[in-house]
file input.cif (mmCIF, C-alpha atoms)
data_upload
#
loop_
_atom_site.label_atom_id
_atom_site.label_comp_id
_atom_site.auth_asym_id
_atom_site.auth_seq_id
_atom_site.Cartn_x
_atom_site.Cartn_y
_atom_site.Cartn_z
CA MET A 1 135.36 37.34 -58.37
CA LEU A 2 137.83 38.26 -61.10
CA MET A 3 137.11 36.68 -64.47
CA CYS A 4 137.72 37.28 -68.15
CA ALA A 5 134.41 37.91 -69.88
CA LEU A 6 134.15 37.16 -73.59
CA ILE A 7 131.48 38.53 -75.92
CA GLY A 8 131.37 37.49 -79.57
CA ASP A 9 129.10 38.01 -82.53
CA VAL A 10 128.88 37.13 -86.20
CA VAL A 11 129.95 39.72 -88.78
CA GLY A 12 127.18 40.46 -91.28
CA SER A 13 124.81 37.83 -89.89
CA ARG A 14 121.72 39.69 -91.07
CA SER A 15 122.67 38.94 -94.66
CA SER A 16 122.84 35.19 -94.03
CA ALA A 17 120.59 33.22 -96.37
CA ASP A 18 119.96 30.53 -93.75
CA ARG A 19 120.00 31.87 -90.20
CA THR A 20 118.84 28.53 -88.79
CA ALA A 21 121.89 26.79 -90.22
CA LEU A 22 124.09 29.65 -89.01
CA HIS A 23 122.79 29.25 -85.46
CA ALA A 24 123.27 25.48 -85.55
CA ARG A 25 126.85 25.81 -86.77
CA LEU A 26 127.62 28.46 -84.16
CA ALA A 27 126.22 26.30 -81.35
CA GLU A 28 128.24 23.32 -82.60
CA VAL A 29 131.51 25.26 -82.64
CA LEU A 30 130.87 26.79 -79.21
CA ALA A 31 130.35 23.30 -77.80
CA GLY A 32 133.61 22.14 -79.37
CA VAL A 33 135.61 25.02 -77.88
CA ASN A 34 133.95 24.44 -74.50
CA ALA A 35 135.07 20.82 -74.61
CA ALA A 36 138.62 21.76 -75.62
CA LEU A 37 139.25 24.65 -73.21
CA ASP A 38 136.75 24.07 -70.38
CA PRO A 39 135.93 27.73 -69.63
CA ALA A 40 134.76 28.81 -66.18
CA ALA A 41 131.43 29.88 -67.70
CA PRO A 42 130.74 27.85 -70.88
CA LEU A 43 130.33 29.73 -74.13
CA ARG A 44 126.67 29.98 -75.07
CA VAL A 45 124.47 31.81 -77.56
CA THR A 46 122.62 34.59 -75.77
CA VAL A 47 120.47 36.28 -78.40
CA GLY A 48 120.52 36.31 -82.20
CA ASP A 49 124.12 36.04 -83.39
CA GLU A 50 125.74 36.99 -80.07
CA TYR A 51 127.42 34.61 -77.63
CA GLN A 52 129.18 34.91 -74.28
CA GLY A 53 131.42 32.99 -71.94
CA GLY A 54 133.85 33.45 -69.08
CA PHE A 55 137.45 32.32 -68.52
CA ASP A 56 139.71 32.17 -65.50
CA THR A 57 142.50 33.99 -67.35
CA VAL A 58 142.82 36.49 -70.18
CA SER A 59 145.23 34.12 -71.94
CA GLU A 60 142.58 31.39 -72.10
CA ALA A 61 140.04 33.82 -73.54
CA VAL A 62 142.49 35.02 -76.20
CA ARG A 63 143.22 31.42 -77.21
CA ALA A 64 139.47 30.74 -77.42
CA THR A 65 138.89 33.65 -79.79
CA LEU A 66 141.39 32.28 -82.31
CA ARG A 67 139.88 28.79 -82.18
CA LEU A 68 136.37 30.14 -82.63
CA ARG A 69 137.43 32.21 -85.62
CA LEU A 70 139.25 29.34 -87.29
CA ALA A 71 136.50 26.79 -86.62
CA LEU A 72 133.81 29.04 -88.10
CA GLY A 73 135.81 30.58 -90.92
CA PRO A 74 136.14 31.35 -93.67
CA GLY A 75 132.41 31.00 -94.25
CA ILE A 76 131.40 32.64 -90.97
CA ASP A 77 133.38 35.62 -89.70
CA VAL A 78 133.26 36.57 -86.01
CA ARG A 79 134.57 39.35 -83.77
CA HIS A 80 135.27 39.37 -80.04
CA GLY A 81 135.47 41.68 -77.07
CA ILE A 82 137.53 40.48 -74.10
CA GLY A 83 137.09 42.13 -70.70
CA TRP A 84 138.99 41.52 -67.46
CA GLY A 85 137.30 42.56 -64.23
CA GLU A 86 134.85 41.65 -61.51
CA VAL A 87 132.04 39.25 -62.43
CA THR A 88 129.06 38.52 -60.21
CA VAL A 89 126.62 35.67 -60.84
CA LEU A 90 123.13 37.04 -60.26
CA GLU A 91 121.26 33.88 -61.17
CA GLU A 92 122.36 30.35 -62.11
CA GLU A 93 119.40 29.12 -64.21
CA PRO A 94 119.32 30.76 -66.63
CA ARG A 95 122.82 32.07 -65.88
CA ILE A 96 122.85 35.85 -65.51
CA GLU A 97 126.08 37.70 -64.75
CA ASP A 98 127.01 41.31 -64.11
CA GLY A 99 130.08 43.32 -63.18
CA SER A 100 132.96 45.36 -64.52
CA GLY A 101 134.36 42.43 -66.49
CA TRP A 102 131.24 42.37 -68.65
CA TRP A 103 131.19 46.14 -69.04
CA ALA A 104 134.81 45.98 -70.21
CA ALA A 105 133.99 43.19 -72.68
CA ARG A 106 131.06 45.19 -74.06
CA ASP A 107 133.29 48.24 -74.49
CA ALA A 108 135.83 46.03 -76.25
CA ILE A 109 133.44 44.56 -78.81
CA ASN A 110 131.98 47.99 -79.46
CA ALA A 111 135.54 49.08 -80.27
CA VAL A 112 135.76 46.25 -82.83
CA HIS A 113 132.53 47.46 -84.42
CA ARG A 114 133.87 51.01 -84.65
CA SER A 115 137.14 49.84 -86.18
CA ALA A 116 135.26 48.66 -89.27
CA GLN A 117 134.73 52.31 -90.14
CA ARG A 118 138.41 53.28 -89.94
CA PRO A 119 140.83 52.80 -92.88
CA GLY A 120 143.54 50.33 -92.01
CA SER A 121 141.55 48.77 -89.15
CA ARG A 122 139.00 46.71 -91.03
CA LEU A 123 140.75 43.45 -90.22
CA ARG A 124 140.40 44.00 -86.47
CA ARG A 125 138.38 41.20 -84.93
CA THR A 126 139.56 41.12 -81.30
CA VAL A 127 139.88 43.87 -78.68
CA TYR A 128 140.85 43.64 -75.01
CA ARG A 129 139.84 45.98 -72.20
CA ARG A 130 140.64 45.88 -68.49
CA ALA A 131 138.20 47.32 -65.97
CA GLU A 132 139.34 50.49 -64.23
CA GLY A 133 141.08 49.90 -60.93
CA ILE A 134 141.61 46.18 -61.60
CA GLU A 135 145.04 44.57 -61.80
CA GLY A 136 145.64 42.33 -64.77
CA PRO A 137 147.35 42.02 -68.17
CA ASP A 138 148.39 45.36 -69.59
CA PRO A 139 145.90 46.49 -72.26
CA ALA A 140 148.50 48.21 -74.45
CA THR A 141 150.77 45.16 -74.59
CA LEU A 142 147.98 42.68 -75.32
CA GLU A 143 146.33 45.01 -77.82
CA ALA A 144 149.59 45.18 -79.78
CA MET A 145 149.65 41.38 -80.04
CA LEU A 146 145.97 41.19 -81.01
CA ILE A 147 146.39 43.82 -83.75
CA LEU A 148 149.19 41.80 -85.32
CA ARG A 149 147.35 38.48 -84.93
CA ASP A 150 144.16 39.84 -86.48
CA GLN A 151 146.13 41.24 -89.41
CA LEU A 152 147.92 37.95 -90.06
CA VAL A 153 144.81 35.79 -89.76
CA GLY A 154 142.70 38.19 -91.80
CA GLU A 155 145.05 37.89 -94.77
CA LEU A 156 145.26 34.08 -94.79
CA SER A 157 143.81 32.05 -97.63
CA GLU A 158 141.24 29.33 -96.98
CA ARG A 159 143.93 26.66 -97.36
CA SER A 160 146.23 28.41 -94.89
CA LEU A 161 143.38 28.72 -92.39
CA LEU A 162 142.88 24.96 -92.62
CA VAL A 163 146.59 24.35 -92.03
CA LEU A 164 146.65 26.72 -89.04
CA ARG A 165 143.59 25.05 -87.56
CA GLY A 166 145.25 21.66 -87.89
CA LEU A 167 148.52 22.82 -86.35
CA LEU A 168 146.73 24.31 -83.35
CA GLY A 169 144.90 21.01 -82.94
CA GLY A 170 148.18 19.11 -82.81
CA THR A 171 148.14 17.64 -86.33
CA THR A 172 151.60 17.22 -87.85
CA GLN A 173 152.55 18.88 -91.11
CA ARG A 174 152.97 15.46 -92.69
CA ASP A 175 149.44 14.42 -91.71
CA LEU A 176 148.06 17.76 -92.87
CA ALA A 177 149.73 17.26 -96.24
CA HIS A 178 148.09 13.84 -96.54
CA ASP A 179 144.66 15.21 -95.58
CA LEU A 180 144.93 18.10 -98.05
CA GLY A 181 146.35 15.98 -100.86
CA VAL A 182 149.57 17.97 -101.20
CA THR A 183 153.23 17.33 -100.46
CA ALA A 184 154.76 17.85 -97.04
CA SER A 185 157.08 20.37 -98.66
CA ALA A 186 154.11 22.41 -99.87
CA VAL A 187 152.68 22.56 -96.35
CA SER A 188 156.07 23.50 -94.91
CA GLN A 189 156.47 26.32 -97.42
CA ARG A 190 152.98 27.61 -96.58
CA VAL A 191 153.73 27.53 -92.85
CA ARG A 192 156.86 29.63 -93.36
CA ALA A 193 155.50 32.04 -95.97
CA ASP A 194 152.24 32.86 -94.12
CA GLY A 195 153.67 33.17 -90.63
CA LEU A 196 151.70 30.19 -89.35
CA ALA A 197 154.55 29.00 -87.16
CA ALA A 198 154.59 32.38 -85.40
CA LEU A 199 150.84 32.20 -84.76
CA VAL A 200 151.18 28.71 -83.31
CA ALA A 201 154.14 29.77 -81.15
CA ALA A 202 152.20 32.75 -79.82
CA ASP A 203 149.27 30.51 -78.95
CA ARG A 204 151.54 28.07 -77.12
CA ALA A 205 153.09 30.93 -75.17
CA LEU A 206 149.61 31.99 -74.08
CA ALA A 207 148.88 28.44 -72.96
CA VAL A 208 151.47 28.76 -70.17
CA ALA A 209 150.91 32.44 -69.41
CA PRO A 210 149.36 33.36 -66.02
#
call {"tool": "encode", "arguments": {"input": "input.cif", "output": "structure tokens"}}
result
Amino acid sequence: MLMCALIGDVVGSRSSADRTALHARLAEVLAGVNAALDPAAPLRVTVGDEYQGGFDTVSEAVRATLRLRLALGPGIDVRHGIGWGEVTVLEEEPRIEDGSGWWAARDAINAVHRSAQRPGSRLRRTVYRRAEGIEGPDPATLEAMLILRDQLVGELSERSLLVLRGLLGGTTQRDLAHDLGVTASAVSQRVRADGLAALVAADRALAVAP
């Protein structure tokens, strides 16, 4: 069957002072995203700091990557490889999957790792690949969007990340201002200056994309 495979891992996890706490936080956030987006194959930690999941559409997987990054950040940084292709379930318990979708996702996250070594690409956190011979979203088009999204999110302050997270969750600017102890005008200015409205609009467009 065709599925969008998602592989994620934590940036610099080996330097974490408390890996037990890191794992617990990661598992908590994965559960929250599973509850919010209901993926075809729930996100789960596989080994160490790596996690995987599967989605019915590429759009759903892309939306999940942003929510995972915002929920874990800024204290925990993550990167993702998204792969569209065939996925075969080899075993249900424990769930073991194989297929070109997973190979594409692995190639994608390896590309994120390599980007850290290239000047101008160090903010890349999400890469998409489509398996050869498979119809699906055009890699060049989606990659262009992901490059811009990663750049915008990577430059946001901690306060702006909190505002973006709230907006994606449906919280109004007025309520966000109250929660953050600032004026509604201050939140509105931040939304405009940091491009948060564009990020929210892009996410909403993905929500209705095939």
call {"tool": "closest_residue", "arguments": {"input": "input.cif", "among": "A:Thr65, A:Thr88, A:Thr141, A:Ser100", "to": "Gly8 of chain A", "atoms": "all atoms listed in the file"}}
result
A:Thr65
call {"tool": "atom_distance", "arguments": {"input": "input.cif", "atom1": "atom CA of Ala205 of chain A", "atom2": "atom CA of Gly169 of chain A"}}
result
15.0 Å
call {"tool": "residues_around", "arguments": {"input": "input.cif", "residues": "Val89 of chain A", "least_positions_apart": "2", "cutoff": "10 Å", "atoms": "all atoms listed in the file", "output": "ChimeraX atom specification"}}
result
/A:1,87,91-92,95-99
call {"tool": "resolve_selection", "arguments": {"input": "input.cif", "expression": "the PyMOL selection byres ((chain A and resi 22) around 10)", "output": "PyMOL selection string"}}
result
chain A and resi 10+13+16-21+23-28+49+72+75-76
call {"tool": "resolve_selection", "arguments": {"input": "input.cif", "expression": "the PyMOL selection byres ((chain A and resi 60) around 9)", "output": "list in words"}}
result
Cys4, Leu37, Pro39, Phe55, Asp56, Thr57, Val58, Ser59, Ala61, Val62, Arg63, Ala64, Thr65, Leu206, Ala207 and Ala209 of chain A
call {"tool": "atom_distance", "arguments": {"input": "input.cif", "atom1": "atom CA of Thr126 of chain A", "atom2": "atom CA of His80 of chain A"}}
result
4.8 Å
call {"tool": "atom_distance", "arguments": {"input": "input.cif", "atom1": "atom CA of Ala71 of chain A", "atom2": "atom CA of Arg122 of chain A"}}
result
20.6 Å
call {"tool": "closest_residue", "arguments": {"input": "input.cif", "among": "A:Arg114, A:Pro74, A:Leu90, A:Arg129", "to": "Glu155 of chain A", "atoms": "only C-alpha atoms"}}
result
A:Pro74
call {"tool": "resolve_selection", "arguments": {"input": "input.cif", "expression": "the PyMOL selection byres ((chain A and resi 153) around 12)", "output": "count of residues only"}}
result
37
call {"tool": "axis_aligned_box", "arguments": {"input": "input.cif", "around": "segment 96-108 of chain A", "padding_each_side": "8 Å", "output": "AutoDock Vina command-line options"}}
result
--center_x 129.3 --center_y 42.0 --center_z -69.7 --size_x 29.0 --size_y 28.4 --size_z 29.1
